[in-house]
Every structure is written in structure tokens, then in C-alpha cells.
>>> print(open('query25.cif').read())   # mmCIF, C-alpha atoms
data_upload
loop_
_atom_site.group_PDB
_atom_site.id
_atom_site.type_symbol
_atom_site.label_atom_id
_atom_site.label_comp_id
_atom_site.auth_asym_id
_atom_site.auth_seq_id
_atom_site.Cartn_x
_atom_site.Cartn_y
_atom_site.Cartn_z
ATOM 1 C CA MET J 1 109.967 113.536 108.441
ATOM 2 C CA LYS J 2 113.202 111.558 108.295
ATOM 3 C CA THR J 3 114.741 110.330 111.533
ATOM 4 C CA ASN J 4 118.307 111.370 112.249
ATOM 5 C CA LEU J 5 120.097 108.251 113.377
ATOM 6 C CA ILE J 6 122.924 108.218 115.851
ATOM 7 C CA ALA J 7 125.949 106.708 114.100
ATOM 8 C CA ALA J 8 126.686 104.187 116.814
ATOM 9 C CA ALA J 9 124.334 103.735 119.730
ATOM 10 C CA GLU J 10 125.758 102.125 122.815
ATOM 11 C CA ILE J 11 123.827 99.148 124.139
ATOM 12 C CA ASP J 12 124.302 100.224 127.758
ATOM 13 C CA ARG J 13 123.535 103.933 127.204
ATOM 14 C CA LEU J 14 119.814 104.270 126.530
ATOM 15 C CA ASP J 15 120.211 107.986 125.793
ATOM 16 C CA THR J 16 122.155 107.077 122.613
ATOM 17 C CA TRP J 17 119.319 104.951 121.210
ATOM 18 C CA ALA J 18 117.330 106.207 118.209
ATOM 19 C CA ARG J 19 113.548 106.266 117.885
ATOM 20 C CA TYR J 20 112.638 103.075 116.041
ATOM 21 C CA ASN J 21 111.325 102.923 112.488
ATOM 22 C CA SER J 22 110.959 99.775 110.393
ATOM 23 C CA ASP J 23 113.642 100.804 107.879
ATOM 24 C CA MET J 24 116.312 100.499 110.560
ATOM 25 C CA CYS J 25 116.312 96.693 110.555
ATOM 26 C CA HIS J 26 117.588 96.488 106.988
ATOM 27 C CA SER J 27 120.660 98.598 107.676
ATOM 28 C CA CYS J 28 121.721 97.465 111.140
ATOM 29 C CA ILE J 29 124.316 95.026 112.476
ATOM 30 C CA SER J 30 121.656 93.334 114.626
ATOM 31 C CA SER J 31 122.572 95.270 117.734
ATOM 32 C CA CYS J 32 119.292 94.216 119.391
ATOM 33 C CA CYS J 33 120.657 90.659 119.205
ATOM 34 C CA GLN J 34 123.365 91.665 121.679
ATOM 35 C CA LEU J 35 120.863 92.470 124.413
ATOM 36 C CA PRO J 36 120.076 89.791 127.023
ATOM 37 C CA VAL J 37 117.102 87.720 125.827
ATOM 38 C CA GLU J 38 114.620 86.910 128.585
ATOM 39 C CA VAL J 39 112.284 83.995 127.885
ATOM 40 C CA ARG J 40 109.628 81.876 129.526
ATOM 41 C CA VAL J 41 108.967 78.137 129.255
ATOM 42 C CA ALA J 42 106.580 78.671 126.298
ATOM 43 C CA ASP J 43 109.417 80.366 124.380
ATOM 44 C CA LEU J 44 111.789 77.515 125.187
ATOM 45 C CA ILE J 45 109.221 75.044 123.853
ATOM 46 C CA ARG J 46 108.798 77.103 120.653
ATOM 47 C CA ILE J 47 112.584 77.296 120.196
ATOM 48 C CA GLY J 48 112.727 73.526 120.579
ATOM 49 C CA VAL J 49 115.027 73.187 123.592
ATOM 50 C CA VAL J 50 112.211 72.084 125.929
ATOM 51 C CA ASP J 51 109.638 69.418 125.057
ATOM 52 C CA GLU J 52 105.931 70.072 125.524
ATOM 53 C CA PHE J 53 105.703 67.272 128.108
ATOM 54 C CA GLU J 54 108.238 69.172 130.277
ATOM 55 C CA ARG J 55 105.820 72.113 130.645
ATOM 56 C CA GLY J 56 104.621 70.690 133.964
ATOM 57 C CA ASP J 57 108.129 70.196 135.369
ATOM 58 C CA PRO J 58 109.448 72.662 137.941
ATOM 59 C CA PRO J 59 111.116 75.526 136.026
ATOM 60 C CA LYS J 60 114.118 75.213 138.354
ATOM 61 C CA ASN J 61 114.752 71.695 137.008
ATOM 62 C CA ILE J 62 114.423 72.892 133.422
ATOM 63 C CA ALA J 63 116.841 75.735 134.161
ATOM 64 C CA LYS J 64 119.379 73.373 135.684
ATOM 65 C CA ARG J 65 119.353 71.177 132.564
ATOM 66 C CA LEU J 66 119.549 74.110 130.153
ATOM 67 C CA GLN J 67 122.367 75.728 132.119
ATOM 68 C CA LYS J 68 124.271 72.438 131.985
ATOM 69 C CA ASP J 69 123.660 72.331 128.197
ATOM 70 C CA GLY J 70 124.946 75.911 127.904
ATOM 71 C CA LEU J 71 121.665 77.319 126.555
ATOM 72 C CA VAL J 72 120.597 79.397 129.569
ATOM 73 C CA GLU J 73 122.767 81.899 131.434
ATOM 74 C CA ARG J 74 120.464 82.612 134.353
ATOM 75 C CA PHE J 75 117.112 81.714 135.820
ATOM 76 C CA ASN J 76 115.092 83.957 138.110
ATOM 77 C CA GLN J 77 112.999 81.588 140.189
ATOM 78 C CA LYS J 78 110.790 84.372 141.557
ATOM 79 C CA SER J 79 109.708 85.624 138.113
ATOM 80 C CA GLY J 80 110.107 82.355 136.197
ATOM 81 C CA ILE J 81 112.246 84.110 133.585
ATOM 82 C CA PHE J 82 115.221 82.449 131.915
ATOM 83 C CA THR J 83 118.006 84.454 130.230
ATOM 84 C CA LEU J 84 119.454 82.839 127.126
ATOM 85 C CA THR J 85 123.194 82.365 126.817
ATOM 86 C CA ARG J 86 125.151 84.812 124.683
ATOM 87 C CA MET J 87 128.360 84.212 122.790
ATOM 88 C CA SER J 88 131.677 85.656 123.999
ATOM 89 C CA ASN J 89 131.120 88.757 121.807
ATOM 90 C CA ASN J 90 127.652 89.244 123.425
ATOM 91 C CA ASP J 91 125.790 88.039 120.314
ATOM 92 C CA CYS J 92 122.712 85.938 120.908
ATOM 93 C CA TYR J 93 123.452 82.231 120.756
ATOM 94 C CA TYR J 94 121.053 81.980 117.792
ATOM 95 C CA LEU J 95 122.526 84.830 115.708
ATOM 96 C CA ASP J 96 124.527 83.732 112.663
ATOM 97 C CA ARG J 97 127.905 85.488 112.886
ATOM 98 C CA LYS J 98 128.357 85.849 109.133
ATOM 99 C CA THR J 99 124.896 86.868 107.950
ATOM 100 C CA ARG J 100 123.871 88.613 111.213
ATOM 101 C CA LEU J 101 120.452 86.975 110.823
ATOM 102 C CA CYS J 102 118.500 84.981 113.384
ATOM 103 C CA THR J 103 118.799 81.229 112.843
ATOM 104 C CA ILE J 104 115.465 80.589 114.608
ATOM 105 C CA TYR J 105 113.541 83.574 113.275
ATOM 106 C CA GLU J 106 110.241 81.730 112.760
ATOM 107 C CA ARG J 107 110.493 80.283 116.296
ATOM 108 C CA ARG J 108 112.088 83.305 118.023
ATOM 109 C CA PRO J 109 111.069 84.206 121.598
ATOM 110 C CA ASP J 110 108.356 86.740 122.405
ATOM 111 C CA THR J 111 111.019 89.184 123.627
ATOM 112 C CA CYS J 112 112.479 89.297 120.119
ATOM 113 C CA ARG J 113 109.078 89.316 118.415
ATOM 114 C CA ASN J 114 108.024 92.357 120.429
ATOM 115 C CA HIS J 115 111.256 94.361 120.234
ATOM 116 C CA PRO J 116 111.365 97.362 120.343
ATOM 117 C CA LYS J 117 107.780 97.747 121.597
ATOM 118 C CA ILE J 118 109.049 96.295 124.853
ATOM 119 C CA GLY J 119 112.540 96.314 126.270
ATOM 120 C CA PRO J 120 114.901 98.635 128.090
ATOM 121 C CA ARG J 121 113.631 101.701 126.179
ATOM 122 C CA PRO J 122 110.283 100.991 124.491
ATOM 123 C CA GLY J 123 109.999 102.522 121.033
ATOM 124 C CA TYR J 124 113.750 103.018 120.709
ATOM 125 C CA CYS J 125 116.508 100.890 119.200
ATOM 126 C CA ALA J 126 120.258 100.576 119.788
ATOM 127 C CA TRP J 127 120.704 100.958 116.031
ATOM 128 C CA ARG J 128 124.219 100.655 114.655
ATOM 129 C CA PRO J 129 124.966 100.744 110.917
ATOM 130 C CA LYS J 130 126.308 97.794 108.928
#
>>> encode(input="query25.cif", output="C-alpha cells")
Amino acid sequence: MKTNLIAAAEIDRLDTWARYNSDMCHSCISSCCQLPVEVRVADLIRIGVVDEFERGDPPKNIAKRLQKDGLVERFNQKSGIFTLTRMSNNDCYYLDRKTRLCTIYERRPDTCRNHPKIGPRPGYCAWRPK
């Protein structure tokens, strides 16, 4: 059975999202890359913005440095979750504007690796056509 896709899902309106299927990724404008990306220290190490030896440092100190460098928007001290910075158009900092492909795909955070299994509406995608 073929899925009927909504022509233009709205990121902030979960009811407009379409049930995910793997074919969607090849015909999308990378709308998932406009969602806030929440990461942990292990993700930051994989991305390459935190060194392995910093793993033992207080996350608050890491957050302060990364916020100063413009790589992290927010840090939730209670949960230990960092939110990566987005560009002015809400694109992920690591999304290439021309190709709409991830520039760190092999090192991408777990949030991205597991989308859409996890996220605001598990199993659904804010699919928008190219």
C-alpha cells in the first residue's frame, strides 16, 4: 500500500506529519534537519567538538565553552542534554545549504541516527518535497 504524503508538513504541527517510510529521505528537503538536535557528551565527542579527555569535565563547563564557540544553543544541566545551534533559517549547523546533505553524516549524533524512531512523533516525519 502506498503512503499518501502531505504536500508540506509543518515542523511545529505534528498532526501534519506523514507516517515514515524509507523512500521519503530521497525526495525531501531535509526537514528533519530543521528540528532542534539534542545531544549528549558522547555525541559531541563523536562529532569532534569535544575531546575524549574532556569526558570527565563537568558538562556545565563544556556547555559554556561550546556556547561561546557558537556550537551549542542550550544546555539542560538537570538532564545533561545539549541542544546544537541552528542557522538563522533553522537548518542544523551541519547541514550543507546547497546539497541539503549532512556534512557529518558518518559522525552524526544519536538523535539523528535514530530519527524518526524517536523524536516528537515517533514513526512519523515532517516530510516536505524537494
>>> residues_around(input="query25.cif", residues="J:Val39", least_positions_apart="3", cutoff="8 Å", atoms="only C-alpha atoms", output="list of chain:residue names")
J:Ala42, J:Asp43, J:Leu44, J:Ile81, J:Phe82, J:Thr83, J:Leu84, J:Pro109, J:Asp110, J:Thr111
>>> resolve_selection(input="query25.cif", expression="the PyMOL selection byres ((chain J and resi 87) around 12)", output="PyMOL selection string")
chain J and resi 33-36+70-73+84-86+88-97
>>> resolve_selection(input="query25.cif", expression="the PyMOL selection byres ((chain J and resi 48-55) around 12)", output="ChimeraX atom specification")
/J:39-47,56-63,65-67,69-72,84,104,106-109
>>> write_last_selection(input="query25.cif", atoms="C-alpha atoms", output="PDB file, in the frame of the given file")
ATOM      1  CA  VAL J  39     112.284  83.995 127.885  1.00  0.00           C
ATOM      2  CA  ARG J  40     109.628  81.876 129.526  1.00  0.00           C
ATOM      3  CA  VAL J  41     108.967  78.137 129.255  1.00  0.00           C
ATOM      4  CA  ALA J  42     106.580  78.671 126.298  1.00  0.00           C
ATOM      5  CA  ASP J  43     109.417  80.366 124.380  1.00  0.00           C
ATOM      6  CA  LEU J  44     111.789  77.515 125.187  1.00  0.00           C
ATOM      7  CA  ILE J  45     109.221  75.044 123.853  1.00  0.00           C
ATOM      8  CA  ARG J  46     108.798  77.103 120.653  1.00  0.00           C
ATOM      9  CA  ILE J  47     112.584  77.296 120.196  1.00  0.00           C
ATOM     10  CA  GLY J  56     104.621  70.690 133.964  1.00  0.00           C
ATOM     11  CA  ASP J  57     108.129  70.196 135.369  1.00  0.00           C
ATOM     12  CA  PRO J  58     109.448  72.662 137.941  1.00  0.00           C
ATOM     13  CA  PRO J  59     111.116  75.526 136.026  1.00  0.00           C
ATOM     14  CA  LYS J  60     114.118  75.213 138.354  1.00  0.00           C
ATOM     15  CA  ASN J  61     114.752  71.695 137.008  1.00  0.00           C
ATOM     16  CA  ILE J  62     114.423  72.892 133.422  1.00  0.00           C
ATOM     17  CA  ALA J  63     116.841  75.735 134.161  1.00  0.00           C
ATOM     18  CA  ARG J  65     119.353  71.177 132.564  1.00  0.00           C
ATOM     19  CA  LEU J  66     119.549  74.110 130.153  1.00  0.00           C
ATOM     20  CA  GLN J  67     122.367  75.728 132.119  1.00  0.00           C
ATOM     21  CA  ASP J  69     123.660  72.331 128.197  1.00  0.00           C
ATOM     22  CA  GLY J  70     124.946  75.911 127.904  1.00  0.00           C
ATOM     23  CA  LEU J  71     121.665  77.319 126.555  1.00  0.00           C
ATOM     24  CA  VAL J  72     120.597  79.397 129.569  1.00  0.00           C
ATOM     25  CA  LEU J  84     119.454  82.839 127.126  1.00  0.00           C
ATOM     26  CA  ILE J 104     115.465  80.589 114.608  1.00  0.00           C
ATOM     27  CA  GLU J 106     110.241  81.730 112.760  1.00  0.00           C
ATOM     28  CA  ARG J 107     110.493  80.283 116.296  1.00  0.00           C
ATOM     29  CA  ARG J 108     112.088  83.305 118.023  1.00  0.00           C
ATOM     30  CA  PRO J 109     111.069  84.206 121.598  1.00  0.00           C
TER      31      PRO J 109
END
>>> closest_residue(input="query25.cif", among="J:Ala9, J:Leu101, J:Ala126, J:Leu14", to="J:Cys32", atoms="all atoms listed in the file")
J:Ala126
>>> closest_residue(input="query25.cif", among="J:Arg121, J:Arg74, J:Arg113, J:Lys64", to="J:Asp15", atoms="only C-alpha atoms")
J:Arg121
>>> decode(input="query25.cif", residues="stretch 2-121 of chain J", atoms="C-alpha atoms", output="short mmCIF file (atom, residue, chain, number, x, y, z; two decimals), in the first residue's frame")
data_model
loop_
_atom_site.label_atom_id
_atom_site.label_comp_id
_atom_site.auth_asym_id
_atom_site.auth_seq_id
_atom_site.Cartn_x
_atom_site.Cartn_y
_atom_site.Cartn_z
CA LYS J 2 1.40 3.39 -0.98
CA THR J 3 1.51 6.14 1.62
CA ASN J 4 -0.25 9.39 0.76
CA LEU J 5 2.16 12.14 1.68
CA ILE J 6 1.11 15.54 2.89
CA ALA J 7 2.49 18.10 0.44
CA ALA J 8 4.10 20.27 3.09
CA ALA J 9 4.18 19.17 6.70
CA GLU J 10 4.71 21.86 9.27
CA ILE J 11 7.53 21.25 11.72
CA ASP J 12 5.52 22.60 14.65
CA ARG J 13 2.24 20.82 13.78
CA LEU J 14 2.70 17.12 14.48
CA ASP J 15 -0.73 16.35 13.00
CA THR J 16 0.62 17.31 9.55
CA TRP J 17 3.46 14.77 9.69
CA ALA J 18 3.34 11.68 7.47
CA ARG J 19 3.98 8.10 8.57
CA TYR J 20 7.64 7.44 7.79
CA ASN J 21 8.89 5.12 5.06
CA SER J 22 12.48 4.86 3.85
CA ASP J 23 11.69 6.25 0.38
CA MET J 24 10.88 9.64 1.89
CA CYS J 25 14.51 10.55 2.55
CA HIS J 26 15.39 10.61 -1.13
CA SER J 27 12.71 13.13 -2.02
CA CYS J 28 12.75 15.50 0.95
CA ILE J 29 14.31 18.90 1.63
CA SER J 30 15.82 17.57 4.88
CA SER J 31 13.05 18.96 7.03
CA CYS J 32 14.17 16.75 9.94
CA CYS J 33 17.39 18.80 9.90
CA GLN J 34 15.37 21.83 10.97
CA LEU J 35 14.32 20.24 14.25
CA PRO J 36 16.35 21.01 17.39
CA VAL J 37 19.11 18.41 17.77
CA GLU J 38 19.59 17.23 21.35
CA VAL J 39 22.93 15.57 22.09
CA ARG J 40 24.97 14.18 24.95
CA VAL J 41 28.71 14.39 25.61
CA ALA J 42 29.33 11.12 23.70
CA ASP J 43 27.74 12.68 20.60
CA LEU J 44 29.87 15.80 20.96
CA ILE J 45 32.98 13.62 21.14
CA ARG J 46 31.89 11.69 18.01
CA ILE J 47 31.20 14.96 16.16
CA GLY J 48 34.68 16.13 17.12
CA VAL J 49 33.87 19.29 19.07
CA VAL J 50 34.80 17.74 22.44
CA ASP J 51 37.98 15.75 23.07
CA GLU J 52 37.84 12.35 24.76
CA PHE J 53 39.90 13.66 27.69
CA GLU J 54 37.13 16.22 28.40
CA ARG J 55 34.62 13.42 29.11
CA GLY J 56 35.34 13.75 32.83
CA ASP J 57 34.89 17.53 32.90
CA PRO J 58 31.68 18.98 34.32
CA PRO J 59 29.15 19.19 31.45
CA LYS J 60 28.38 22.77 32.51
CA ASN J 61 31.97 23.76 31.67
CA ILE J 62 31.78 22.00 28.31
CA ALA J 63 28.49 23.77 27.59
CA LYS J 64 29.95 27.15 28.45
CA ARG J 65 32.83 26.65 26.01
CA LEU J 66 30.61 25.33 23.22
CA GLN J 67 28.11 28.16 23.68
CA LYS J 68 30.98 30.65 23.43
CA ASP J 69 32.13 28.89 20.22
CA GLY J 70 28.58 29.10 18.85
CA LEU J 71 28.11 25.32 18.58
CA VAL J 72 25.54 24.83 21.36
CA GLU J 73 22.33 26.81 21.81
CA ARG J 74 21.29 25.48 25.20
CA PHE J 75 22.32 23.11 27.94
CA ASN J 76 19.94 21.47 30.38
CA GLN J 77 22.02 20.80 33.47
CA LYS J 78 19.38 18.55 35.05
CA SER J 79 19.22 16.14 32.09
CA GLY J 80 22.76 16.67 30.77
CA ILE J 81 21.39 17.36 27.28
CA PHE J 82 22.91 19.94 24.95
CA THR J 83 20.97 21.45 22.03
CA LEU J 84 23.05 22.16 18.95
CA THR J 85 22.98 25.59 17.36
CA ARG J 86 20.86 26.10 14.26
CA MET J 87 21.39 28.56 11.45
CA SER J 88 19.16 31.64 11.07
CA ASN J 89 16.85 29.67 8.73
CA ASN J 90 16.54 26.90 11.40
CA ASP J 91 18.77 24.48 9.47
CA CYS J 92 21.13 22.37 11.52
CA TYR J 93 24.58 23.89 11.77
CA TYR J 94 25.96 20.79 10.00
CA LEU J 95 23.52 20.77 7.05
CA ASP J 96 25.01 21.88 3.72
CA ARG J 97 22.73 24.62 2.36
CA LYS J 98 23.25 23.72 -1.29
CA THR J 99 23.14 19.93 -1.27
CA ARG J 100 20.82 19.63 1.78
CA LEU J 101 23.04 16.77 2.98
CA CYS J 102 24.62 16.30 6.39
CA THR J 103 28.28 17.30 6.45
CA ILE J 104 28.99 14.98 9.41
CA TYR J 105 26.79 12.07 8.38
CA GLU J 106 29.22 9.33 9.46
CA ARG J 107 29.67 11.06 12.85
CA ARG J 108 26.09 12.35 13.30
CA PRO J 109 24.50 12.36 16.77
CA ASP J 110 22.32 9.53 18.07
CA THR J 111 19.25 11.77 17.76
CA CYS J 112 19.79 11.94 14.00
CA ARG J 113 20.75 8.27 13.71
CA ASN J 114 17.51 7.23 15.40
CA HIS J 115 15.12 9.64 13.67
CA PRO J 116 12.22 9.05 13.19
CA LYS J 117 12.12 6.09 15.60
CA ILE J 118 12.48 8.66 18.35
CA GLY J 119 11.54 12.30 18.35
CA PRO J 120 8.48 14.49 18.72
CA ARG J 121 6.24 11.97 16.91
#
